[in-house]
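First comes the structure, then the notes that go with it.
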Amino acid sequence: MKVKNLREILKQEPAVNLLKLSLQKNRLSHAYLFTGPKGVGKETTAWAFLFHLFCEKDKENPCGECKACKKIEKEIHPDIRILYPEKKEITIGQIRETIYFLRYRPLEAEYKIILIKEADKINLEAGNALLKSLEEPPLYAIFILISENFSKLLPTIVSRSQIVRFRSLPTEVIKEFLKKKYLFEEKVAETLAEISFGSIGKAVTIAEKGILEELNSFVKAGFSNSPLKRFKVAERFSGFLPEVLDEFFYVLSIWVWRSYLKEKIDYPYPQAFPEETFKGDPYLAIRTIYEVKNALDFYVNQELAFYHLLNTLF
Ligand SMILES: [Zn+2]
């Protein structure tokens, strides 16, 4: 379910106020650039903004039930076009289709929206084509560009956009959100918030994919010294999808580092991390993790890669 009201966006007051004001005064820009760290609510806010723009019943408090709201929820509204990198880039072909999409008036709403995710992946040729339509947009066109790194965008695109800045969230906010939404106990919510460094998106991904539990089973197998147990875990891990593995390697690296800090300077250790701490050289361990992660990108046998990782780290 999408967030349908800008009021529900967590701790992004400057961004939310700017958007609310442009709605209230009906002074909308033709292009907004949502920028800020990963996982802090940029895309969530963009969708909420669209509910306010399109709701047929109540523009201040979008209803979620009218035809427009339902189509936005399902991402099938004919006046919204979503662009994202195909094969790592947003290409001229995609921008041409967008320009074609903008040639005709909106079908059902007042505006036609072009939502561009990872806008920094627009290649140069596509960027120049996009710029043309930003220079003379039809009255009903609104572009929303989302980017973590707007220094990679063409400066001419940035200068034509209203910049909407998003910031990292305080750990406390993420913790409370996780407790409320997922009913996590205090120490789990706190650990997730702590290791996601202000990114609610990251905390949610780690939580939903059960990465803390996976870390525990991995570490247990490692400390068991039983080749059979290690092999069983390696076998299970070999079935994980790449996005789960990315998060696992991320959390595993943090576990190594935080273990080291605990041992060396008695720095507080995340409460929901495994009881056992890593005892070896953190630099070598993180290098090994990185090598295994890379090897997997080159289609090395996953089972073997994890078995090797367990035998090397423990
Ligand atoms: Zn509605």
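Going by the structure tokens order, chains are called A, B, ..., each with residues numbered from 1, while ligands are numbered from 1 in the order shown.
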Exercise. Within 6 Å of stretch 22-35 of chain A, counting only C-alpha atoms, which residues qualify if same-chain residues fewer than 2 places away don't, as a VMD selection string?
Worked result: chain A and resid 19 to 20 142 to 148 161 to 166
Problem set entry | stretch 72-77 of chain A environment, 10 Å, only C-alpha atoms, sequence neighbours closer than 5 positions dropped, as a PyMOL selection string | chain A and resi 1-4+47-48+50-51+54-55+64-65+67+82+107-109+112-113
For the selection you just gave me, I'd like the residues written to a file as a JSON list (two decimals), in the first residue's frame, keeping N, CA, C and O atoms.
```json
[["chain", "number", "residue", "atom", "x", "y", "z"],
["A", 1, "MET", "N", 0.84, -1.22, 0.00],
["A", 1, "MET", "CA", 0.00, 0.00, 0.00],
["A", 1, "MET", "C", 0.87, 1.26, 0.00],
["A", 1, "MET", "O", 1.80, 1.38, 0.77],
["A", 2, "LYS", "N", 0.51, 2.17, -0.87],
["A", 2, "LYS", "CA", 1.29, 3.41, -0.93],
["A", 2, "LYS", "C", 0.81, 4.41, 0.13],
["A", 2, "LYS", "O", -0.36, 4.41, 0.49],
["A", 3, "VAL", "N", 1.73, 5.24, 0.58],
["A", 3, "VAL", "CA", 1.35, 6.35, 1.46],
["A", 3, "VAL", "C", 0.60, 7.37, 0.61],
["A", 3, "VAL", "O", 1.08, 7.76, -0.46],
["A", 4, "LYS", "N", -0.60, 7.77, 1.07],
["A", 4, "LYS", "CA", -1.44, 8.61, 0.21],
["A", 4, "LYS", "C", -1.51, 10.06, 0.64],
["A", 4, "LYS", "O", -2.17, 10.87, 0.00],
["A", 47, "TRP", "N", 4.94, 9.52, -4.84],
["A", 47, "TRP", "CA", 3.61, 8.91, -5.04],
["A", 47, "TRP", "C", 2.56, 9.64, -4.21],
["A", 47, "TRP", "O", 1.45, 9.90, -4.69],
["A", 48, "ALA", "N", 2.88, 9.99, -2.98],
["A", 48, "ALA", "CA", 1.91, 10.71, -2.14],
["A", 48, "ALA", "C", 1.51, 12.02, -2.82],
["A", 48, "ALA", "O", 0.33, 12.40, -2.88],
["A", 50, "LEU", "N", 1.42, 12.60, -5.93],
["A", 50, "LEU", "CA", 0.52, 12.30, -7.06],
["A", 50, "LEU", "C", -0.92, 12.05, -6.60],
["A", 50, "LEU", "O", -1.86, 12.44, -7.28],
["A", 51, "PHE", "N", -1.07, 11.42, -5.43],
["A", 51, "PHE", "CA", -2.43, 11.25, -4.90],
["A", 51, "PHE", "C", -3.07, 12.62, -4.67],
["A", 51, "PHE", "O", -4.23, 12.83, -5.02],
["A", 54, "PHE", "N", -4.07, 14.12, -8.06],
["A", 54, "PHE", "CA", -5.05, 13.44, -8.92],
["A", 54, "PHE", "C", -6.35, 13.03, -8.24],
["A", 54, "PHE", "O", -7.31, 12.71, -8.92],
["A", 55, "CYS", "N", -6.38, 12.99, -6.91],
["A", 55, "CYS", "CA", -7.59, 12.46, -6.24],
["A", 55, "CYS", "C", -8.82, 13.23, -6.72],
["A", 55, "CYS", "O", -8.82, 14.45, -6.81],
["A", 64, "GLY", "N", -8.07, 7.67, -1.55],
["A", 64, "GLY", "CA", -7.61, 6.28, -1.71],
["A", 64, "GLY", "C", -8.66, 5.38, -2.33],
["A", 64, "GLY", "O", -8.41, 4.20, -2.55],
["A", 65, "GLU", "N", -9.86, 5.93, -2.59],
["A", 65, "GLU", "CA", -10.94, 5.06, -3.07],
["A", 65, "GLU", "C", -11.49, 5.42, -4.44],
["A", 65, "GLU", "O", -12.13, 4.59, -5.09],
["A", 67, "LYS", "N", -11.54, 6.49, -8.49],
["A", 67, "LYS", "CA", -10.94, 5.80, -9.63],
["A", 67, "LYS", "C", -9.46, 6.20, -9.79],
["A", 67, "LYS", "O", -8.59, 5.36, -9.98],
["A", 82, "ILE", "N", 6.21, 6.09, -15.95],
["A", 82, "ILE", "CA", 7.35, 5.85, -15.06],
["A", 82, "ILE", "C", 8.55, 5.44, -15.90],
["A", 82, "ILE", "O", 8.45, 4.53, -16.72],
["A", 107, "LEU", "N", -5.56, 12.23, -20.30],
["A", 107, "LEU", "CA", -6.80, 11.50, -20.60],
["A", 107, "LEU", "C", -7.82, 11.64, -19.47],
["A", 107, "LEU", "O", -9.00, 11.79, -19.70],
["A", 108, "GLU", "N", -7.32, 11.55, -18.22],
["A", 108, "GLU", "CA", -8.27, 11.51, -17.10],
["A", 108, "GLU", "C", -7.99, 12.57, -16.04],
["A", 108, "GLU", "O", -8.87, 12.93, -15.29],
["A", 109, "ALA", "N", -6.77, 13.01, -15.94],
["A", 109, "ALA", "CA", -6.41, 13.95, -14.87],
["A", 109, "ALA", "C", -6.14, 15.33, -15.45],
["A", 109, "ALA", "O", -6.33, 15.56, -16.64],
["A", 112, "LYS", "N", -0.16, 15.50, -16.81],
["A", 112, "LYS", "CA", 0.55, 14.29, -17.19],
["A", 112, "LYS", "C", 1.87, 14.28, -16.43],
["A", 112, "LYS", "O", 2.60, 15.27, -16.42],
["A", 113, "ILE", "N", 2.13, 13.18, -15.78],
["A", 113, "ILE", "CA", 3.29, 13.08, -14.89],
["A", 113, "ILE", "C", 4.33, 12.14, -15.50],
["A", 113, "ILE", "O", 3.98, 11.05, -15.95]]
```
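Atom CA of A:Ala203 lies 13.9 Å from atom CA of A:Pro270.
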Exercise. Which residue gives the smallest distance to A:Ile211 among A:Lys132, A:Phe273, A:Glu185, A:Ser151, with only C-alpha atoms counted?
Worked result: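 Closest to A:Ile211 of all the choices is A:Phe273.
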For this session: Enumerate residues in contact with ligand 1: an atom-to-atom distance of at most 6 Å, counting only C-alpha atoms and all ligand atoms. Format the result as a VMD selection string.
Result: chain A and resid 55 to 57 62 to 66 68 to 69
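For stretch 41-201 of chain A, backbone-based DSSP assignment of strand (DSSP E) covers Ile80, Arg81, Ile82, Leu83, Lys112, Ile113, Ile114, Leu115, Ile116, Ala141, Ile142, Phe143, Ile144, Leu145, Ile146, Ser147, Gln162, Ile163, Val164 and Arg165 of chain A.
Counting from atom CA of A:Lys264, the distance to atom CA of A:Ala207 is 28.6 Å.
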Exercise. Which distance in Å separates atom CA of A:Glu208 and atom CA of A:Leu241, to one decimal?
Worked result: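 Atom CA of A:Leu241 lies 13.7 Å from atom CA of A:Glu208.
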For this session: With a distance cut-off of 8 Å and only C-alpha atoms, select the neighbouring residues of A:Lys121, excluding the residue or stretch itself and same-chain residues fewer than 2 positions from it, and output the selection as a list of chain:residue names.
Result: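 These residues fall inside the cut-off: A:Pro85, A:Lys88, A:Glu89, A:Ile90, A:Glu118, A:Ala119, A:Asn123.
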For this session: Determine which residues of stretch 106-259 of chain A DSSP labels as alpha helix (DSSP H) from the backbone of this structure, then write them out as a ChimeraX atom specification.
Result: /A:124-135,155-159,171-182,186-195,200-208,211-224,227-237,242-259
For this session: Compile the contact shell of A:Val188 as a ChimeraX atom specification: residues with an atom at most 10 Å away, counting only C-alpha atoms, same-chain residues fewer than 2 positions apart removed.
Result: /A:175,178-179,183-186,190-194,207,212,270-273
Exercise. Near A:Ile95, within 12 Å and counting only C-alpha atoms, which residues show up once chain neighbours fewer than 5 positions away are dropped, as number ranges by chain?
Worked result: A: 81-85, 89-90, 100-102, 114-116, 119, 122-134, 143
Problem set entry | Contacts of stretch 297-311 of chain A within 12 Å, only C-alpha atoms, excl. fewer than 5 positions in-chain, as a PyMOL selection string | chain A and resi 215+217-243+245-246+248-249+252+278+284-292
